[in-house]
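S.K.: Dropping the structure in here first, questions after.
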Amino acid sequence: MPAHGGPEDDDSDKPGKGSTETGTITKTRPKTKRPNLYRVLLLNDDYTPMEFVVLVLQDVFNKSREEAMQIMLHVHQKGVGECGVYPYEVAETKVTRVMDTARKNQHPLQCVMEKQ
Ligand code: TYC
């Protein structure tokens with residue numbers, strides 16, 4: 001910090017006096033970098049048991065039993081539904097967990113991610 005009365009204490013940056021300031025002009029709008037978010041979607045099929053889908057939604061997406069049931073029924077009726085929105089790596093991990101557990105249990109359940 002310069003001492004008071006030094007060269008940086010002048011009023012030349014005030015309106016009407018003419019600026020002597022040099023350097024980069026700082027944007028007044030704060031740069032809020034939002035992370036790239038991805039929707040994780042569950043797809044309907046005719047064979048995966050409803051109970052399995054509900055358990056996956058509870059386990060992988062940390063949904064309550066009630067919310068998991070709602071999402072599962074939505075997917076069952078509409079063909080596709082959102083399980084959550086996450087940063088890339090989190091979304092990717094969840095898709096992998098769903099696909100791995102579906103494959104292990106020999107269900108055709110499909111889970112995908114898409115950029116929001
Ligand atoms: N349609 C399946 C059935 O009737 C249930 C189901 C729901 C499957 C959601 C997949 O993502 C899904 N057993």
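Chains: A, B, ... in order of the structure tokens. Residues: from 1 per chain. Ligands: from 1, in order shown.
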Do you know which residues are within 12 Å of ligand 1 using only C-alpha atoms and all ligand atoms? Can you write them as a ChimeraX atom specification?
M.R.: /A:40-57,68-83,98-99,102,107-112
S.K.: May I have all residues of segment 17-90 of chain A that DSSP, computed from the backbone, assigns to alpha helix (DSSP H), given as a list of chain:residue names?
M.R.: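 Filtering segment 17-90 of chain A down to alpha helix (DSSP H) leaves A:Met50, A:Glu51, A:Phe52, A:Val53, A:Val54, A:Leu55, A:Val56, A:Leu57, A:Gln58, A:Asp59, A:Val60, A:Phe61, A:Arg65, A:Glu66, A:Glu67, A:Ala68, A:Met69, A:Gln70, A:Ile71, A:Met72, A:Leu73, A:His74, A:Val75, A:His76, A:Gln77, A:Lys78, A:Tyr88, A:Glu89, A:Val90.
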S.K.: For the selection just defined, write its residues with N, CA and C atoms to a file, as a PDB file, in the first residue's frame.
M.R.:
```pdb
ATOM      1  N   MET A  50     -39.849 -53.375 -12.549  1.00  0.00           N
ATOM      2  CA  MET A  50     -40.056 -52.064 -11.927  1.00  0.00           C
ATOM      3  C   MET A  50     -39.280 -51.946 -10.613  1.00  0.00           C
ATOM      4  N   GLU A  51     -39.297 -53.019  -9.831  1.00  0.00           N
ATOM      5  CA  GLU A  51     -38.633 -52.975  -8.528  1.00  0.00           C
ATOM      6  C   GLU A  51     -37.121 -52.756  -8.692  1.00  0.00           C
ATOM      7  N   PHE A  52     -36.545 -53.348  -9.723  1.00  0.00           N
ATOM      8  CA  PHE A  52     -35.117 -53.169  -9.973  1.00  0.00           C
ATOM      9  C   PHE A  52     -34.811 -51.702 -10.271  1.00  0.00           C
ATOM     10  N   VAL A  53     -35.642 -51.083 -11.103  1.00  0.00           N
ATOM     11  CA  VAL A  53     -35.441 -49.672 -11.461  1.00  0.00           C
ATOM     12  C   VAL A  53     -35.556 -48.783 -10.218  1.00  0.00           C
ATOM     13  N   VAL A  54     -36.533 -49.078  -9.375  1.00  0.00           N
ATOM     14  CA  VAL A  54     -36.718 -48.291  -8.150  1.00  0.00           C
ATOM     15  C   VAL A  54     -35.473 -48.416  -7.258  1.00  0.00           C
ATOM     16  N   LEU A  55     -34.950 -49.625  -7.130  1.00  0.00           N
ATOM     17  CA  LEU A  55     -33.762 -49.833  -6.288  1.00  0.00           C
ATOM     18  C   LEU A  55     -32.539 -49.109  -6.859  1.00  0.00           C
ATOM     19  N   VAL A  56     -32.401 -49.110  -8.182  1.00  0.00           N
ATOM     20  CA  VAL A  56     -31.290 -48.404  -8.832  1.00  0.00           C
ATOM     21  C   VAL A  56     -31.402 -46.898  -8.559  1.00  0.00           C
ATOM     22  N   LEU A  57     -32.607 -46.371  -8.678  1.00  0.00           N
ATOM     23  CA  LEU A  57     -32.800 -44.925  -8.460  1.00  0.00           C
ATOM     24  C   LEU A  57     -32.482 -44.548  -7.006  1.00  0.00           C
ATOM     25  N   GLN A  58     -32.817 -45.430  -6.079  1.00  0.00           N
ATOM     26  CA  GLN A  58     -32.502 -45.169  -4.671  1.00  0.00           C
ATOM     27  C   GLN A  58     -30.998 -45.264  -4.428  1.00  0.00           C
ATOM     28  N   ASP A  59     -30.400 -46.288  -4.997  1.00  0.00           N
ATOM     29  CA  ASP A  59     -28.997 -46.592  -4.720  1.00  0.00           C
ATOM     30  C   ASP A  59     -28.040 -45.643  -5.449  1.00  0.00           C
ATOM     31  N   VAL A  60     -28.236 -45.477  -6.745  1.00  0.00           N
ATOM     32  CA  VAL A  60     -27.287 -44.702  -7.558  1.00  0.00           C
ATOM     33  C   VAL A  60     -27.590 -43.198  -7.484  1.00  0.00           C
ATOM     34  N   PHE A  61     -28.865 -42.857  -7.436  1.00  0.00           N
ATOM     35  CA  PHE A  61     -29.234 -41.437  -7.502  1.00  0.00           C
ATOM     36  C   PHE A  61     -29.703 -40.881  -6.162  1.00  0.00           C
ATOM     37  N   ARG A  65     -37.569 -43.647  -1.593  1.00  0.00           N
ATOM     38  CA  ARG A  65     -38.420 -44.702  -2.176  1.00  0.00           C
ATOM     39  C   ARG A  65     -39.555 -44.063  -2.993  1.00  0.00           C
ATOM     40  N   GLU A  66     -40.161 -43.021  -2.449  1.00  0.00           N
ATOM     41  CA  GLU A  66     -41.314 -42.371  -3.087  1.00  0.00           C
ATOM     42  C   GLU A  66     -40.900 -41.687  -4.397  1.00  0.00           C
ATOM     43  N   GLU A  67     -39.795 -40.943  -4.346  1.00  0.00           N
ATOM     44  CA  GLU A  67     -39.336 -40.240  -5.551  1.00  0.00           C
ATOM     45  C   GLU A  67     -38.884 -41.239  -6.620  1.00  0.00           C
ATOM     46  N   ALA A  68     -38.216 -42.295  -6.167  1.00  0.00           N
ATOM     47  CA  ALA A  68     -37.755 -43.330  -7.098  1.00  0.00           C
ATOM     48  C   ALA A  68     -38.950 -43.957  -7.813  1.00  0.00           C
ATOM     49  N   MET A  69     -39.996 -44.215  -7.067  1.00  0.00           N
ATOM     50  CA  MET A  69     -41.227 -44.789  -7.637  1.00  0.00           C
ATOM     51  C   MET A  69     -41.813 -43.840  -8.692  1.00  0.00           C
ATOM     52  N   GLN A  70     -41.869 -42.559  -8.380  1.00  0.00           N
ATOM     53  CA  GLN A  70     -42.415 -41.558  -9.314  1.00  0.00           C
ATOM     54  C   GLN A  70     -41.608 -41.504 -10.600  1.00  0.00           C
ATOM     55  N   ILE A  71     -40.277 -41.480 -10.474  1.00  0.00           N
ATOM     56  CA  ILE A  71     -39.415 -41.402 -11.660  1.00  0.00           C
ATOM     57  C   ILE A  71     -39.577 -42.665 -12.507  1.00  0.00           C
ATOM     58  N   MET A  72     -39.571 -43.824 -11.827  1.00  0.00           N
ATOM     59  CA  MET A  72     -39.714 -45.100 -12.546  1.00  0.00           C
ATOM     60  C   MET A  72     -41.034 -45.118 -13.331  1.00  0.00           C
ATOM     61  N   LEU A  73     -42.132 -44.705 -12.687  1.00  0.00           N
ATOM     62  CA  LEU A  73     -43.438 -44.720 -13.361  1.00  0.00           C
ATOM     63  C   LEU A  73     -43.479 -43.729 -14.517  1.00  0.00           C
ATOM     64  N   HIS A  74     -42.817 -42.570 -14.321  1.00  0.00           N
ATOM     65  CA  HIS A  74     -42.728 -41.584 -15.405  1.00  0.00           C
ATOM     66  C   HIS A  74     -42.023 -42.201 -16.618  1.00  0.00           C
ATOM     67  N   VAL A  75     -40.881 -42.854 -16.370  1.00  0.00           N
ATOM     68  CA  VAL A  75     -40.129 -43.485 -17.469  1.00  0.00           C
ATOM     69  C   VAL A  75     -40.968 -44.585 -18.111  1.00  0.00           C
ATOM     70  N   HIS A  76     -41.625 -45.360 -17.280  1.00  0.00           N
ATOM     71  CA  HIS A  76     -42.467 -46.469 -17.768  1.00  0.00           C
ATOM     72  C   HIS A  76     -43.562 -45.947 -18.705  1.00  0.00           C
ATOM     73  N   GLN A  77     -44.136 -44.798 -18.350  1.00  0.00           N
ATOM     74  CA  GLN A  77     -45.265 -44.256 -19.121  1.00  0.00           C
ATOM     75  C   GLN A  77     -44.827 -43.397 -20.307  1.00  0.00           C
ATOM     76  N   LYS A  78     -43.746 -42.628 -20.127  1.00  0.00           N
ATOM     77  CA  LYS A  78     -43.338 -41.655 -21.166  1.00  0.00           C
ATOM     78  C   LYS A  78     -42.191 -42.159 -22.048  1.00  0.00           C
ATOM     79  N   TYR A  88     -19.966 -33.342 -15.464  1.00  0.00           N
ATOM     80  CA  TYR A  88     -19.654 -34.433 -16.399  1.00  0.00           C
ATOM     81  C   TYR A  88     -19.230 -35.738 -15.722  1.00  0.00           C
ATOM     82  N   GLU A  89     -18.223 -35.654 -14.861  1.00  0.00           N
ATOM     83  CA  GLU A  89     -17.659 -36.896 -14.307  1.00  0.00           C
ATOM     84  C   GLU A  89     -18.607 -37.613 -13.371  1.00  0.00           C
ATOM     85  N   VAL A  90     -19.415 -36.837 -12.645  1.00  0.00           N
ATOM     86  CA  VAL A  90     -20.413 -37.435 -11.744  1.00  0.00           C
ATOM     87  C   VAL A  90     -21.478 -38.148 -12.578  1.00  0.00           C
TER      88      VAL A  90
END
```
S.K.: By how many Å are atom CA of Gly84 of chain A and atom CA of Tyr38 of chain A apart?
M.R.: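 Distance reported for this atom pair: 8.4 Å.
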